[in-house]
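Have a look at the structure below before the remarks.
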Amino acid sequence: MSRHLSPTVDNALSSQLELAFEDNRLAAQLYGDFDQNLALIEQRLAVEATPRGNHVMLRGAASGVDQARRVLESLYALLEEGRPIEIANVDTVIRMVQTEDSQLTLPTMEKKGRVRMAQIATRKATIVARTPAQDAYMRAMERAELVFGVGPAGTGKTYLAVAHAATLLERGDINRIILSRPAVEAGERLGFLPGDMKEKVDPYLRPLYDALYDMMRPEHVERCIGSGIIEVAPLAFMRGRTLANAVVILDEAQNTTSMQMKMFLTRLGENSKMVVTGDPTQVDLPRGERSGLVEALAILDGIEGIHISRFSDKDVVRHALVGRIVRAYEGATEKADKTR
């Protein structure tokens with residue numbers, strides 16, 4: 001790949017940059033159907049991207065042109081590795097390069113270089129980070145024994161935690177995956193639900209199961225559940241246990257009480273990891289009851305071996321509308337707080 005950078009005559013703050021890609025076939029894939037990938041880059045980075053065969057001319061503000069270069073080089077590198085790219089991949093890399101220079105402290109990025117996103121690979125699927133916050137979260141789960149993933153719905157907190165657990169299980173680094181979640185909004189009244197323990201809590205753990213089936217073959221998931229390798233452990237029944245050689249995931253943790261959270265965190269055993277996910281803005285506990293998640297975040301911040309990953313509406317990866325919904329609700333809440 002070759003390139004040439006020069007300032008335009010009319011504006012020293014603007015630049016033009018020509019990129020040349022060696023493989024014409026890969027260049028066509030890079031541009032996308034009807035040049036849709038280039039169009040997204042133009043829209044998001046406020047540059048002009050003009051393709052001519054295996055060459056692309058970039059024009060615009062110097063910072064935008066440099067970001068567009070990094071996006072295109074990173075995507076082309078994926079194609080050279082034999083990995084197809086979709087419009088979601090383009091969006092992901094754009095998000096990564098738009099991160100402020102002061103935030104480029106993650107080991108996944110080389111300043112002004114290609115983006116290297118964190119990955120979680122299982123036999124069935126490979127998950128690639130789609131935002132800087134996801135990137136930091138995925139790497140934190142590799143390094144820390146206890147990780148909190150905190151933020152709004154749709155940011156991938158639970159999905160990535162299950163993916164990380166699945167890959168550790170496949171590698172033989174752990175022996176079990178334990179899934180837990182508060183069963184009802186304000187308390188775990190499991191006795192009022194029909195069926196055995198698994199049948200009582202299955203509806204509440206459906207998102208965790210869905211993620212497992214995405215990461216592992218269905219028949220393997222069923223075998224692991226049947227043998228206890230993957231265990232459903234209602235929070236109410238965790239007391240007194242020591243959870244060793246496992247990844248333990250607590251989902252919807254904002255609906256735990258202070259007592260429940262402390263009990264859960266102190267179950268951690270040898271060669272185990274815990275991932276706690278939740279959204280402090282979605283607490284369903286009775287009025288006056290403090291969330292165990294909110295309290296834990298305040299008490300445990302800065303303790304060695306514990307990492308807190310915080311997500312925002314900018315990290316929503318479900319649908320663009322979800323991010324706008326989150327922002328609208330946050331704005332309404334802030335406005336209501338000011339009028340009180």
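Order determines the names: the first chain of the structure tokens is A, the second B, and so forth; residues in each chain are numbered 1 upward, and ligands are numbered 1 upward as they are shown.
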
**Request:** Please identify all polymer residues within 8 Å of Ala161 (chain A), counting only C-alpha atoms, omitting same-chain residues fewer than 5 positions from it, and present them as a PyMOL selection string.
**Result:** chain A and resi 141+249+275

Restricting the output to C-alpha atoms, write the selected residues as a PDB file, in the first residue's frame.
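The result, stored in out.pdb:
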```pdb
ATOM      1  CA  MET A 141     -11.747  -9.598  31.449  1.00  0.00           C
ATOM      2  CA  ILE A 249     -21.463 -13.984  35.696  1.00  0.00           C
ATOM      3  CA  VAL A 275     -18.061 -10.498  35.743  1.00  0.00           C
TER       4      VAL A 275
END
```

Pro182 (chain A) environment, 7 Å, only C-alpha atoms, sequence neighbours closer than 4 positions dropped, as a short mmCIF file (atom, residue, chain, number, x, y, z; two decimals) with all heavy atoms, in the first residue's frame:
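Below you can see selection00.cif, which holds the result:
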```
data_model
loop_
_atom_site.label_atom_id
_atom_site.label_comp_id
_atom_site.auth_asym_id
_atom_site.auth_seq_id
_atom_site.Cartn_x
_atom_site.Cartn_y
_atom_site.Cartn_z
N GLU A 188 -36.35 -12.25 45.27
CA GLU A 188 -36.39 -13.51 44.54
C GLU A 188 -37.47 -14.44 45.09
O GLU A 188 -37.19 -15.38 45.83
CB GLU A 188 -35.01 -14.16 44.59
CG GLU A 188 -33.96 -13.27 43.94
CD GLU A 188 -32.61 -13.93 43.84
OE1 GLU A 188 -32.46 -15.06 44.31
OE2 GLU A 188 -31.71 -13.30 43.30
N LEU A 235 -29.36 -16.31 42.55
CA LEU A 235 -28.63 -15.54 43.56
C LEU A 235 -29.05 -15.93 44.97
O LEU A 235 -28.23 -15.96 45.89
CB LEU A 235 -28.87 -14.05 43.32
CG LEU A 235 -27.95 -13.07 44.05
CD1 LEU A 235 -26.49 -13.37 43.75
CD2 LEU A 235 -28.29 -11.65 43.65
N GLU A 252 -27.80 -8.14 35.39
CA GLU A 252 -28.82 -7.27 35.99
C GLU A 252 -28.50 -6.99 37.46
O GLU A 252 -29.39 -6.98 38.32
CB GLU A 252 -30.21 -7.90 35.85
CG GLU A 252 -30.67 -8.09 34.43
CD GLU A 252 -30.99 -6.78 33.72
OE1 GLU A 252 -31.16 -5.75 34.41
OE2 GLU A 252 -31.05 -6.77 32.48
N ASN A 255 -30.19 -4.75 40.41
CA ASN A 255 -31.34 -5.17 41.21
C ASN A 255 -30.96 -6.08 42.37
O ASN A 255 -31.82 -6.77 42.93
CB ASN A 255 -32.39 -5.84 40.31
CG ASN A 255 -33.07 -4.85 39.40
OD1 ASN A 255 -33.24 -3.68 39.76
ND2 ASN A 255 -33.43 -5.28 38.21
N THR A 256 -29.68 -6.09 42.72
CA THR A 256 -29.27 -6.78 43.94
C THR A 256 -29.29 -5.80 45.10
O THR A 256 -29.06 -4.60 44.93
CB THR A 256 -27.84 -7.35 43.82
OG1 THR A 256 -26.92 -6.26 43.58
CG2 THR A 256 -27.74 -8.34 42.68
#
```

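Near Met259 (chain A), within 12 Å and counting only C-alpha atoms, sit Leu235, Ala236, Arg239, Asn255, Met263, Phe264, Leu265, Thr266, Glu289, Arg290, Ser291, Gly292, Leu293, Glu295 and Ala296 of chain A; same-chain residues fewer than 4 positions away were not included.
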
**Item:** Spatial neighbours of region 145-155 of chain A, 6 Å, only C-alpha atoms, chain gap at least 4 places, as a ChimeraX atom specification
**Value:** /A:273-279,305-312,315-318

**Request:** List the neighbours of Ile178 (chain A) out to 8 Å using only C-alpha atoms; skip same-chain residues closer than 6 positions along the sequence, and give me the result as an MDAnalysis selection string.
**Result:** chainID A and resid 230:233 246:249

**Request:** Please return as a ChimeraX atom specification: the residues of region 109-340 of chain A that backbone DSSP assigns to strand (DSSP E or B).
**Result:** /A:109,115,119-121,126-128,146-150,176-180,230-232,243,246-250,257,268,273-278,291,306-310

Suppose we keep N, CA and C atoms; can you now write the selection as a short mmCIF file (atom, residue, chain, number, x, y, z; two decimals), in the first residue's frame?
```
data_model
loop_
_atom_site.label_atom_id
_atom_site.label_comp_id
_atom_site.auth_asym_id
_atom_site.auth_seq_id
_atom_site.Cartn_x
_atom_site.Cartn_y
_atom_site.Cartn_z
N MET A 109 -4.55 0.04 20.42
CA MET A 109 -4.37 1.05 19.39
C MET A 109 -2.92 1.53 19.33
N VAL A 115 -5.85 0.30 13.55
CA VAL A 115 -6.64 -0.10 14.72
C VAL A 115 -6.52 -1.61 14.90
N GLN A 119 -10.44 -9.21 20.42
CA GLN A 119 -11.29 -10.27 19.88
C GLN A 119 -11.50 -11.36 20.92
N ILE A 120 -12.66 -11.99 20.83
CA ILE A 120 -12.95 -13.20 21.60
C ILE A 120 -13.35 -14.26 20.60
N ALA A 121 -12.60 -15.36 20.59
CA ALA A 121 -12.83 -16.40 19.58
C ALA A 121 -13.24 -17.71 20.25
N THR A 126 -16.37 -15.65 16.24
CA THR A 126 -15.34 -14.70 16.67
C THR A 126 -16.00 -13.35 16.87
N ILE A 127 -15.86 -12.80 18.06
CA ILE A 127 -16.46 -11.51 18.39
C ILE A 127 -15.37 -10.47 18.40
N VAL A 128 -15.57 -9.38 17.69
CA VAL A 128 -14.60 -8.29 17.61
C VAL A 128 -15.19 -7.07 18.28
N LEU A 146 -11.96 -9.68 38.82
CA LEU A 146 -13.33 -9.18 38.98
C LEU A 146 -13.52 -7.97 38.09
N VAL A 147 -14.49 -8.04 37.20
CA VAL A 147 -14.76 -6.95 36.26
C VAL A 147 -16.22 -6.54 36.37
N PHE A 148 -16.45 -5.25 36.49
CA PHE A 148 -17.80 -4.70 36.44
C PHE A 148 -18.00 -4.08 35.06
N GLY A 149 -19.09 -4.45 34.40
CA GLY A 149 -19.49 -3.83 33.15
C GLY A 149 -20.75 -3.03 33.40
N VAL A 150 -20.65 -1.71 33.35
CA VAL A 150 -21.73 -0.84 33.80
C VAL A 150 -22.14 0.09 32.67
N ARG A 176 -16.01 -24.63 34.78
CA ARG A 176 -17.45 -24.35 34.85
C ARG A 176 -17.76 -22.92 34.45
N ILE A 177 -18.98 -22.72 34.00
CA ILE A 177 -19.56 -21.39 33.83
C ILE A 177 -20.78 -21.34 34.73
N ILE A 178 -20.86 -20.32 35.57
CA ILE A 178 -21.99 -20.18 36.48
C ILE A 178 -22.71 -18.88 36.16
N LEU A 179 -23.99 -18.98 35.86
CA LEU A 179 -24.81 -17.84 35.49
C LEU A 179 -25.77 -17.50 36.61
N SER A 180 -25.83 -16.23 36.95
CA SER A 180 -26.73 -15.82 38.02
C SER A 180 -27.36 -14.48 37.68
N ILE A 230 -22.11 -26.04 32.79
CA ILE A 230 -22.77 -24.73 32.77
C ILE A 230 -23.90 -24.81 33.78
N GLU A 231 -23.84 -23.96 34.78
CA GLU A 231 -24.77 -24.05 35.90
C GLU A 231 -25.59 -22.78 36.04
N VAL A 232 -26.88 -22.96 36.24
CA VAL A 232 -27.78 -21.87 36.58
C VAL A 232 -27.82 -21.78 38.11
N LEU A 243 -16.80 -20.70 44.81
CA LEU A 243 -16.85 -20.99 43.38
C LEU A 243 -15.44 -20.97 42.81
N ALA A 246 -13.87 -21.38 37.81
CA ALA A 246 -15.10 -21.03 37.10
C ALA A 246 -15.07 -19.57 36.67
N VAL A 247 -15.89 -19.27 35.68
CA VAL A 247 -16.27 -17.89 35.39
C VAL A 247 -17.69 -17.72 35.89
N VAL A 248 -17.89 -16.75 36.77
CA VAL A 248 -19.19 -16.51 37.38
C VAL A 248 -19.71 -15.17 36.88
N ILE A 249 -20.88 -15.20 36.28
CA ILE A 249 -21.46 -13.98 35.70
C ILE A 249 -22.74 -13.61 36.44
N LEU A 250 -22.78 -12.40 36.93
CA LEU A 250 -23.99 -11.87 37.56
C LEU A 250 -24.56 -10.78 36.67
N THR A 257 -29.55 -6.32 46.30
CA THR A 257 -29.44 -5.48 47.50
C THR A 257 -27.97 -5.44 47.92
N LEU A 268 -16.07 -15.80 45.42
CA LEU A 268 -14.97 -16.02 44.48
C LEU A 268 -13.93 -16.97 45.06
N LYS A 273 -12.94 -16.25 37.91
CA LYS A 273 -13.17 -14.85 37.53
C LYS A 273 -14.64 -14.55 37.72
N MET A 274 -14.93 -13.29 38.05
CA MET A 274 -16.30 -12.83 38.14
C MET A 274 -16.51 -11.65 37.20
N VAL A 275 -17.65 -11.64 36.55
CA VAL A 275 -18.06 -10.50 35.74
C VAL A 275 -19.45 -10.08 36.21
N VAL A 276 -19.57 -8.83 36.60
CA VAL A 276 -20.83 -8.29 37.13
C VAL A 276 -21.31 -7.21 36.17
N THR A 277 -22.51 -7.37 35.63
CA THR A 277 -23.03 -6.41 34.66
C THR A 277 -24.34 -5.79 35.16
N GLY A 278 -24.56 -4.57 34.76
CA GLY A 278 -25.80 -3.92 35.16
C GLY A 278 -25.86 -2.47 34.71
N SER A 291 -29.19 0.14 45.69
CA SER A 291 -28.70 -0.91 44.81
C SER A 291 -27.34 -1.41 45.28
N ILE A 306 -9.48 -5.45 40.52
CA ILE A 306 -10.86 -5.13 40.15
C ILE A 306 -10.85 -4.05 39.08
N HIS A 307 -11.59 -4.28 38.01
CA HIS A 307 -11.67 -3.29 36.93
C HIS A 307 -13.13 -2.92 36.71
N ILE A 308 -13.38 -1.64 36.55
CA ILE A 308 -14.73 -1.15 36.27
C ILE A 308 -14.75 -0.57 34.86
N SER A 309 -15.52 -1.19 33.97
CA SER A 309 -15.69 -0.70 32.60
C SER A 309 -17.02 0.03 32.52
N ARG A 310 -16.98 1.26 32.08
CA ARG A 310 -18.19 2.07 32.00
C ARG A 310 -18.55 2.33 30.54
#
```

**Prompt:** What is the CA of Met261 (chain A) to CA of Leu300 (chain A) distance in Å?
**Reply:**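 For CA of Met261 (chain A) relative to CA of Leu300 (chain A), the distance reads 11.8 Å.
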
**Message:** Report, in Å with one decimal, the straight-line distance from CA of Leu19 (chain A) to CA of Glu73 (chain A).
**Reply:** 8.9 Å
